file input30.csv (CSV, C-alpha atoms)
chain,number,residue,atom,x,y,z
A,1,MET,CA,4.0,-6.3,-20.1
A,2,ASN,CA,0.4,-7.4,-19.9
A,3,THR,CA,-2.0,-4.7,-18.9
A,4,ALA,CA,-5.8,-4.9,-18.3
A,5,GLU,CA,-8.6,-2.8,-16.8
A,6,VAL,CA,-10.3,-4.9,-14.1
A,7,THR,CA,-13.3,-4.5,-11.8
A,8,ILE,CA,-13.2,-5.8,-8.3
A,9,ASP,CA,-16.7,-6.6,-7.0
A,10,LEU,CA,-16.9,-6.5,-3.2
A,11,GLN,CA,-20.3,-6.7,-1.4
A,12,GLY,CA,-22.0,-4.5,-3.9
A,13,ALA,CA,-19.1,-2.1,-4.5
A,14,ALA,CA,-17.7,-2.3,-8.1
A,15,LEU,CA,-14.1,-0.9,-7.8
A,16,PRO,CA,-12.2,-0.2,-11.0
A,17,GLY,CA,-8.5,-1.1,-11.3
A,18,ASP,CA,-5.5,-1.3,-13.5
A,19,LEU,CA,-3.6,-4.5,-13.5
A,20,ALA,CA,-0.1,-4.8,-15.0
A,21,LEU,CA,1.8,-8.1,-15.1
A,22,PRO,CA,5.3,-8.7,-16.5
A,23,ASP,CA,5.6,-12.0,-18.5
A,24,GLU,CA,7.1,-13.8,-15.5
A,25,PRO,CA,6.1,-11.7,-12.5
A,26,LEU,CA,8.0,-12.1,-9.2
A,27,GLY,CA,4.7,-11.2,-7.5
A,28,VAL,CA,2.0,-8.6,-7.5
A,29,VAL,CA,1.7,-5.5,-5.4
A,30,LEU,CA,-1.7,-4.0,-4.5
A,31,PHE,CA,-1.7,-0.2,-4.0
A,32,ALA,CA,-3.8,1.4,-1.3
A,33,HIS,CA,-4.1,5.1,-2.2
A,34,GLY,CA,-4.2,7.8,0.4
A,35,SER,CA,-6.9,10.2,1.6
A,36,GLY,CA,-8.5,12.2,-1.3
A,37,SER,CA,-6.7,10.2,-3.9
A,38,SER,CA,-7.5,7.3,-6.4
A,39,ARG,CA,-5.9,4.7,-8.6
A,40,ARG,CA,-4.8,7.6,-10.8
A,41,SER,CA,-2.4,9.0,-8.2
A,42,PRO,CA,0.6,10.1,-10.3
A,43,ARG,CA,3.0,9.3,-7.4
A,44,ASN,CA,1.7,5.7,-7.0
A,45,ARG,CA,1.7,5.2,-10.7
A,46,ALA,CA,5.4,6.3,-10.8
A,47,VAL,CA,6.2,3.7,-8.1
A,48,ALA,CA,4.2,1.1,-9.9
A,49,ALA,CA,6.1,1.7,-13.1
A,50,GLY,CA,9.4,1.2,-11.3
A,51,LEU,CA,8.1,-2.1,-9.9
A,52,ASN,CA,6.9,-3.2,-13.3
A,53,GLU,CA,10.4,-2.5,-14.7
A,54,ALA,CA,11.8,-4.7,-12.0
A,55,GLY,CA,9.5,-7.6,-13.0
A,56,ILE,CA,6.9,-7.1,-10.3
A,57,GLY,CA,3.2,-6.9,-11.1
A,58,THR,CA,0.9,-4.2,-9.8
A,59,LEU,CA,-2.7,-3.6,-9.2
A,60,LEU,CA,-3.9,0.0,-8.7
A,61,PHE,CA,-7.6,0.2,-7.8
A,62,ASP,CA,-10.0,2.6,-6.3
A,63,LEU,CA,-10.9,2.0,-2.7
A,64,LEU,CA,-14.0,4.0,-2.9
A,65,THR,CA,-16.9,3.9,-5.4
A,66,ALA,CA,-17.6,6.9,-7.6
A,67,HIS,CA,-20.5,8.0,-5.4
A,68,GLU,CA,-18.4,7.6,-2.3
A,69,ASP,CA,-15.6,9.5,-3.8
A,70,GLU,CA,-17.9,12.4,-4.8
A,71,THR,CA,-19.3,12.5,-1.3
A,72,ASP,CA,-15.8,12.3,0.3
A,73,ALA,CA,-14.7,15.3,-1.8
A,74,PHE,CA,-17.1,17.4,0.2
A,75,THR,CA,-17.3,15.7,3.5
A,76,GLY,CA,-14.1,13.8,4.0
A,77,GLU,CA,-16.1,11.1,5.7
A,78,PHE,CA,-14.6,8.1,3.9
A,79,ARG,CA,-10.9,8.8,3.6
A,80,PHE,CA,-10.4,8.2,7.3
A,81,ASP,CA,-12.7,5.2,7.5
A,82,ILE,CA,-10.0,2.7,8.0
A,83,ASP,CA,-12.4,-0.1,8.7
A,84,LEU,CA,-14.0,0.4,5.3
A,85,LEU,CA,-10.7,0.8,3.5
A,86,THR,CA,-9.4,-2.4,5.2
A,87,ARG,CA,-12.4,-4.4,4.2
A,88,ARG,CA,-12.0,-3.3,0.6
A,89,LEU,CA,-8.3,-4.0,0.5
A,90,THR,CA,-8.6,-7.3,2.2
A,91,GLY,CA,-11.3,-8.3,-0.3
A,92,ALA,CA,-9.1,-7.4,-3.1
A,93,VAL,CA,-6.3,-9.5,-1.7
A,94,ASP,CA,-8.6,-12.4,-1.5
A,95,ARG,CA,-9.6,-11.9,-5.2
A,96,VAL,CA,-6.0,-11.6,-6.4
A,97,ALA,CA,-5.0,-14.7,-4.4
A,98,GLY,CA,-7.8,-16.8,-5.7
A,99,ALA,CA,-8.3,-16.0,-9.3
A,100,PRO,CA,-6.2,-16.1,-12.5
A,101,PRO,CA,-4.0,-14.5,-13.8
A,102,THR,CA,-2.7,-13.6,-10.3
A,103,ALA,CA,-3.6,-16.8,-8.3
A,104,GLY,CA,-0.5,-18.2,-6.7
A,105,LEU,CA,1.6,-15.1,-7.0
A,106,PRO,CA,3.2,-13.7,-3.8
A,107,ILE,CA,1.3,-10.6,-2.7
A,108,GLY,CA,2.7,-7.3,-1.5
A,109,LEU,CA,1.0,-4.1,-0.4
A,110,PHE,CA,2.0,-0.5,-1.0
A,111,GLY,CA,0.1,2.1,1.1
A,112,ALA,CA,0.2,5.9,1.0
A,113,SER,CA,-1.2,8.2,3.7
A,114,THR,CA,-4.4,6.5,5.2
A,115,GLY,CA,-4.0,3.7,2.7
A,116,ALA,CA,-0.9,2.6,4.7
A,117,ALA,CA,-3.1,1.9,7.8
A,118,ALA,CA,-5.4,-0.2,5.7
A,119,ALA,CA,-2.4,-2.1,4.2
A,120,LEU,CA,-1.1,-2.9,7.7
A,121,ARG,CA,-4.4,-4.0,9.0
A,122,THR,CA,-4.9,-6.2,5.9
A,123,ALA,CA,-1.4,-7.7,6.4
A,124,ALA,CA,-2.4,-8.6,10.0
A,125,GLU,CA,-5.7,-10.2,8.8
A,126,ARG,CA,-4.1,-12.1,5.9
A,127,PRO,CA,-0.7,-13.2,7.1
A,128,GLU,CA,-0.5,-16.2,4.7
A,129,GLN,CA,-1.2,-14.0,1.7
A,130,VAL,CA,0.6,-10.8,2.3
A,131,ARG,CA,4.4,-11.2,2.1
A,132,ALA,CA,5.6,-7.6,2.4
A,133,VAL,CA,4.3,-4.0,3.0
A,134,VAL,CA,5.7,-0.6,2.0
A,135,SER,CA,4.3,2.6,3.3
A,136,ARG,CA,5.0,6.0,1.7
A,137,GLY,CA,4.3,9.0,3.8
A,138,GLY,CA,1.8,6.8,5.6
A,139,ARG,CA,-0.3,6.9,8.8
A,140,PRO,CA,0.6,3.5,10.3
A,141,ASP,CA,-0.6,4.8,13.6
A,142,LEU,CA,-4.2,4.5,12.3
A,143,ALA,CA,-3.8,0.8,12.1
A,144,GLY,CA,-4.2,0.6,15.9
A,145,ALA,CA,-3.8,-2.7,17.6
A,146,ALA,CA,-3.2,-4.5,14.3
A,147,LEU,CA,0.4,-3.2,14.3
A,148,GLU,CA,1.3,-5.7,16.9
A,149,ARG,CA,-0.1,-8.6,14.8
A,150,VAL,CA,1.7,-7.8,11.5
A,151,ALA,CA,4.1,-10.6,10.5
A,152,ALA,CA,5.1,-9.4,7.0
A,153,PRO,CA,8.2,-7.3,6.6
A,154,VAL,CA,7.3,-3.6,6.7
A,155,LEU,CA,9.2,-0.7,5.2
A,156,LEU,CA,8.1,2.8,6.3
A,157,ILE,CA,9.3,5.6,4.1
A,158,VAL,CA,8.9,9.2,5.3
A,159,GLY,CA,10.2,12.6,4.2
A,160,ALA,CA,12.6,14.4,6.4
A,161,ARG,CA,10.6,17.6,6.0
A,162,ASP,CA,7.4,15.8,7.3
A,163,PRO,CA,8.1,15.9,11.1
A,164,GLN,CA,4.6,15.1,12.4
A,165,VAL,CA,4.2,12.0,10.1
A,166,LEU,CA,7.8,11.0,10.9
A,167,SER,CA,7.1,11.0,14.6
A,168,LEU,CA,3.9,8.9,14.1
A,169,ASN,CA,5.9,6.4,12.0
A,170,ASP,CA,8.6,6.2,14.5
A,171,GLU,CA,6.1,5.4,17.3
A,172,ALA,CA,4.3,2.9,15.1
A,173,ALA,CA,7.6,1.1,14.2
A,174,GLY,CA,8.2,0.6,17.9
A,175,ARG,CA,4.9,-1.4,18.2
A,176,MET,CA,5.7,-3.8,15.3
A,177,ARG,CA,7.6,-6.3,17.4
A,178,GLY,CA,6.5,-9.3,15.5
A,179,ALA,CA,7.7,-8.2,12.1
A,180,VAL,CA,10.9,-7.3,10.3
A,181,HIS,CA,10.6,-3.5,9.8
A,182,ARG,CA,12.7,-0.5,8.8
A,183,LEU,CA,12.1,3.3,8.9
A,184,GLU,CA,13.7,5.1,5.9
A,185,ILE,CA,13.9,8.9,5.9
A,186,VAL,CA,14.3,10.6,2.6
A,187,ALA,CA,16.4,13.8,3.0
A,188,GLY,CA,14.8,17.0,1.6
A,189,ALA,CA,11.4,15.4,1.0
A,190,SER,CA,8.1,16.8,2.3
A,191,HIS,CA,4.9,14.8,2.7
A,192,LEU,CA,4.1,14.3,-1.0
A,193,PHE,CA,7.7,13.7,-2.1
A,194,GLU,CA,7.4,16.4,-4.8
A,195,GLU,CA,11.0,17.6,-4.5
A,196,PRO,CA,13.3,16.6,-7.4
A,197,GLY,CA,14.6,13.0,-7.1
A,198,THR,CA,12.7,12.1,-3.9
A,199,LEU,CA,10.0,10.0,-5.5
A,200,GLU,CA,12.7,8.1,-7.4
A,201,GLN,CA,14.3,7.3,-4.1
A,202,VAL,CA,11.0,6.0,-2.8
A,203,THR,CA,10.7,3.8,-5.9
A,204,ALA,CA,14.2,2.4,-5.6
A,205,MET,CA,13.5,1.6,-1.9
A,206,ALA,CA,10.2,-0.1,-2.7
A,207,VAL,CA,11.8,-2.2,-5.5
A,208,ARG,CA,14.5,-3.4,-3.2
A,209,TRP,CA,12.1,-4.3,-0.4
A,210,PHE,CA,9.7,-6.2,-2.5
A,211,ASP,CA,12.5,-7.9,-4.5
A,212,GLN,CA,13.9,-9.1,-1.2
A,213,TYR,CA,10.8,-10.2,0.6
A,214,LEU,CA,8.0,-11.0,-1.8
A,215,ALA,CA,9.0,-14.5,-2.5
A,216,ARG,CA,9.4,-15.6,1.1
A,217,HIS,CA,8.2,-14.9,4.6
A,218,ALA,CA,10.9,-13.2,6.8
A,219,THR,CA,11.4,-14.0,10.4
A,220,VAL,CA,12.7,-11.7,13.1
A,221,PRO,CA,16.5,-12.3,13.5
call {"tool": "encode", "arguments": {"input": "input30.csv", "output": "structure tokens"}}
result
Amino acid sequence: MNTAEVTIDLQGAALPGDLALPDEPLGVVLFAHGSGSSRRSPRNRAVAAGLNEAGIGTLLFDLLTAHEDETDAFTGEFRFDIDLLTRRLTGAVDRVAGAPPTAGLPIGLFGASTGAAAALRTAAERPEQVRAVVSRGGRPDLAGAALERVAAPVLLIVGARDPQVLSLNDEAAGRMRGAVHRLEIVAGASHLFEEPGTLEQVTAMAVRWFDQYLARHATVP
């Protein structure tokens, strides 16, 4: 496993990240963390470790600068700025697609909470680059009209004990008519998947989805 600390420079924003690439990666998955979180999210890191073990590279990076993160901790003004998060994530996809050591690798996106909305918007804006998307406890509803333009296969994972988010995901799934998609409900799991064994189920689902779809575009049956 090759690991490196990287910096993604996007229009004056220097965003730190952690890149992990197996020797012969099947692809690379960019993580879009949720509201009030960062690249150090223990849940996202647990999923990333599972992907790495399955031969899939990962990039966890901060969607906000240090100053923005400090401001957001008090005001919450950036965590729901889906336009900003999408620009940052789309910029990161462009960097990963165009520069070594990741250039040419199939790209997937893993989004949590509000990061899932940014992931879906980015998938809609970069259909040739983004091959698959997984959302964990996400807010796909915040992707708005982009849902109808997503072409990449999408897996929505929601805890059974998270009824409001489950309802929002069910409604969002109904709008993704142009993409292969699936809604998976994890029994006994709440919004953060803190219950024993639930995050391991999320990881296994994500590994299967990316293993199936990263290397090719899927079409609606």
call {"tool": "residues_near_point", "arguments": {"input": "input30.csv", "point": "(-0.7, 3.8, 15.7)", "cutoff": "12 Å", "atoms": "all atoms listed in the file", "output": "NGL selection string"}}
result
:A and (114 or 116-118 or 120-121 or 138-148 or 165 or 167-176)
call {"tool": "residues_near_point", "arguments": {"input": "input30.csv", "point": "(-16.8, -4.1, 3.1)", "cutoff": "12 Å", "atoms": "only C-alpha atoms", "output": "ChimeraX atom specification"}}
result
/A:9-15,63-65,81-92
call {"tool": "residues_around", "arguments": {"input": "input30.csv", "residues": "Arg208 in chain A", "least_positions_apart": "4", "cutoff": "12 Å", "atoms": "all atoms listed in the file", "output": "MDAnalysis selection string"}}
result
chainID A and resid 47 50:51 54:56 132:134 155 201:204 212:214
call {"tool": "closest_residue", "arguments": {"input": "input30.csv", "among": "A:Thr3, A:Glu195, A:Pro153, A:Arg40", "to": "His181 in chain A", "atoms": "only C-alpha atoms"}}
result
A:Pro153
call {"tool": "atom_distance", "arguments": {"input": "input30.csv", "atom1": "CA of Pro106 in chain A", "atom2": "CA of Pro42 in chain A"}}
result
24.8 Å
call {"tool": "atom_distance", "arguments": {"input": "input30.csv", "atom1": "CA of Arg149 in chain A", "atom2": "CA of Ala48 in chain A"}}
result
26.9 Å
call {"tool": "atom_distance", "arguments": {"input": "input30.csv", "atom1": "CA of Asn52 in chain A", "atom2": "CA of Phe31 in chain A"}}
result
13.0 Å
call {"tool": "closest_residue", "arguments": {"input": "input30.csv", "among": "A:Val28, A:Leu156, A:Ala124, A:Ala66", "to": "Leu105 in chain A", "atoms": "only C-alpha atoms"}}
result
A:Val28
call {"tool": "residues_around", "arguments": {"input": "input30.csv", "residues": "Ile157 in chain A", "least_positions_apart": "5", "cutoff": "7 Å", "atoms": "all atoms listed in the file", "output": "ChimeraX atom specification"}}
result
/A:135-137,183-185
call {"tool": "closest_residue", "arguments": {"input": "input30.csv", "among": "A:Arg45, A:Ile107, A:Thr71, A:Leu26", "to": "Arg95 in chain A", "atoms": "all atoms listed in the file"}}
result
A:Ile107
call {"tool": "closest_residue", "arguments": {"input": "input30.csv", "among": "A:Gln129, A:Gln164, A:Thr58, A:Asn2", "to": "Ala32 in chain A", "atoms": "only C-alpha atoms"}}
result
A:Thr58
call {"tool": "closest_residue", "arguments": {"input": "input30.csv", "among": "A:Pro22, A:Gly98, A:Gly159, A:Gly111", "to": "Leu199 in chain A", "atoms": "all atoms listed in the file"}}
result
A:Gly159
call {"tool": "closest_residue", "arguments": {"input": "input30.csv", "among": "A:Ala97, A:Leu166, A:Leu60, A:Val186", "to": "Ala20 in chain A", "atoms": "only C-alpha atoms"}}
result
A:Leu60
call {"tool": "decode", "arguments": {"input": "input30.csv", "residues": "range 97-125 of chain A", "atoms": "N, CA, C and O atoms", "output": "compact mmCIF listing (two decimals), in the first residue's frame"}}
result
# COMPACT_ATOMS: atom_id res chain seq x y z
N ALA A 97 -8.16 12.88 -11.95
CA ALA A 97 -8.25 12.31 -13.29
C ALA A 97 -7.10 12.74 -14.18
O ALA A 97 -6.74 12.01 -15.12
N GLY A 98 -6.47 13.88 -13.86
CA GLY A 98 -5.50 14.42 -14.78
C GLY A 98 -4.05 14.38 -14.37
O GLY A 98 -3.17 14.79 -15.12
N ALA A 99 -3.77 13.89 -13.16
CA ALA A 99 -2.38 13.93 -12.68
C ALA A 99 -1.97 12.59 -12.09
O ALA A 99 -2.79 11.89 -11.49
N PRO A 100 -0.68 12.22 -12.26
CA PRO A 100 -0.18 10.99 -11.64
C PRO A 100 -0.16 11.17 -10.12
O PRO A 100 -0.09 12.30 -9.64
N PRO A 101 -0.26 10.07 -9.36
CA PRO A 101 -0.29 8.68 -9.81
C PRO A 101 -1.69 8.14 -10.07
O PRO A 101 -1.87 6.94 -10.26
N THR A 102 -2.70 9.01 -10.09
CA THR A 102 -4.09 8.55 -10.22
C THR A 102 -4.66 8.72 -11.62
O THR A 102 -5.76 8.22 -11.90
N ALA A 103 -3.97 9.44 -12.49
CA ALA A 103 -4.48 9.68 -13.84
C ALA A 103 -4.81 8.35 -14.54
O ALA A 103 -4.01 7.42 -14.52
N GLY A 104 -5.98 8.30 -15.12
CA GLY A 104 -6.39 7.10 -15.85
C GLY A 104 -7.13 6.08 -15.02
O GLY A 104 -7.72 5.14 -15.58
N LEU A 105 -7.13 6.22 -13.70
CA LEU A 105 -7.84 5.27 -12.86
C LEU A 105 -9.35 5.58 -12.86
O LEU A 105 -9.74 6.74 -12.84
N PRO A 106 -10.19 4.54 -12.86
CA PRO A 106 -11.62 4.78 -12.69
C PRO A 106 -11.88 5.47 -11.36
O PRO A 106 -11.24 5.15 -10.35
N ILE A 107 -12.82 6.41 -11.35
CA ILE A 107 -13.08 7.21 -10.16
C ILE A 107 -14.46 6.90 -9.59
O ILE A 107 -15.45 6.84 -10.31
N GLY A 108 -14.51 6.72 -8.27
CA GLY A 108 -15.77 6.59 -7.56
C GLY A 108 -15.86 7.65 -6.49
O GLY A 108 -14.86 8.27 -6.11
N LEU A 109 -17.07 7.88 -6.00
CA LEU A 109 -17.31 8.86 -4.94
C LEU A 109 -18.06 8.22 -3.80
O LEU A 109 -19.01 7.46 -4.02
N PHE A 110 -17.64 8.52 -2.57
CA PHE A 110 -18.32 8.06 -1.37
C PHE A 110 -18.71 9.29 -0.56
O PHE A 110 -17.83 10.05 -0.12
N GLY A 111 -20.00 9.52 -0.41
CA GLY A 111 -20.46 10.72 0.29
C GLY A 111 -21.25 10.37 1.54
O GLY A 111 -22.04 9.43 1.55
N ALA A 112 -21.02 11.15 2.60
CA ALA A 112 -21.77 10.99 3.84
C ALA A 112 -22.51 12.29 4.15
O ALA A 112 -21.98 13.39 3.91
N SER A 113 -23.72 12.19 4.65
CA SER A 113 -24.52 13.35 5.03
C SER A 113 -24.60 14.35 3.87
O SER A 113 -24.92 13.98 2.75
N THR A 114 -24.24 15.61 4.10
CA THR A 114 -24.31 16.60 3.02
C THR A 114 -23.29 16.32 1.93
O THR A 114 -23.47 16.75 0.78
N GLY A 115 -22.23 15.61 2.26
CA GLY A 115 -21.24 15.24 1.24
C GLY A 115 -21.83 14.37 0.15
O GLY A 115 -21.34 14.36 -0.98
N ALA A 116 -22.90 13.63 0.47
CA ALA A 116 -23.54 12.80 -0.54
C ALA A 116 -24.19 13.65 -1.62
O ALA A 116 -24.18 13.29 -2.80
N ALA A 117 -24.76 14.78 -1.23
CA ALA A 117 -25.35 15.68 -2.22
C ALA A 117 -24.28 16.22 -3.15
O ALA A 117 -24.47 16.29 -4.38
N ALA A 118 -23.14 16.60 -2.59
CA ALA A 118 -22.02 17.08 -3.42
C ALA A 118 -21.53 15.97 -4.35
O ALA A 118 -21.19 16.22 -5.52
N ALA A 119 -21.50 14.74 -3.85
CA ALA A 119 -21.05 13.61 -4.67
C ALA A 119 -21.99 13.40 -5.86
O ALA A 119 -21.54 13.16 -6.99
N LEU A 120 -23.27 13.49 -5.62
CA LEU A 120 -24.24 13.27 -6.70
C LEU A 120 -24.21 14.41 -7.71
O LEU A 120 -24.31 14.19 -8.92
N ARG A 121 -24.05 15.63 -7.23
CA ARG A 121 -23.93 16.75 -8.18
C ARG A 121 -22.67 16.63 -9.01
O ARG A 121 -22.67 16.90 -10.22
N THR A 122 -21.58 16.22 -8.37
CA THR A 122 -20.33 16.04 -9.10
C THR A 122 -20.46 14.93 -10.14
O THR A 122 -19.96 15.05 -11.27
N ALA A 123 -21.14 13.86 -9.78
CA ALA A 123 -21.36 12.77 -10.73
C ALA A 123 -22.14 13.26 -11.94
O ALA A 123 -21.87 12.85 -13.08
N ALA A 124 -23.11 14.13 -11.70
CA ALA A 124 -23.90 14.68 -12.79
C ALA A 124 -23.07 15.60 -13.68
O ALA A 124 -23.26 15.65 -14.91
N GLU A 125 -22.12 16.32 -13.08
CA GLU A 125 -21.29 17.27 -13.83
C GLU A 125 -20.10 16.61 -14.51
O GLU A 125 -19.55 17.16 -15.48
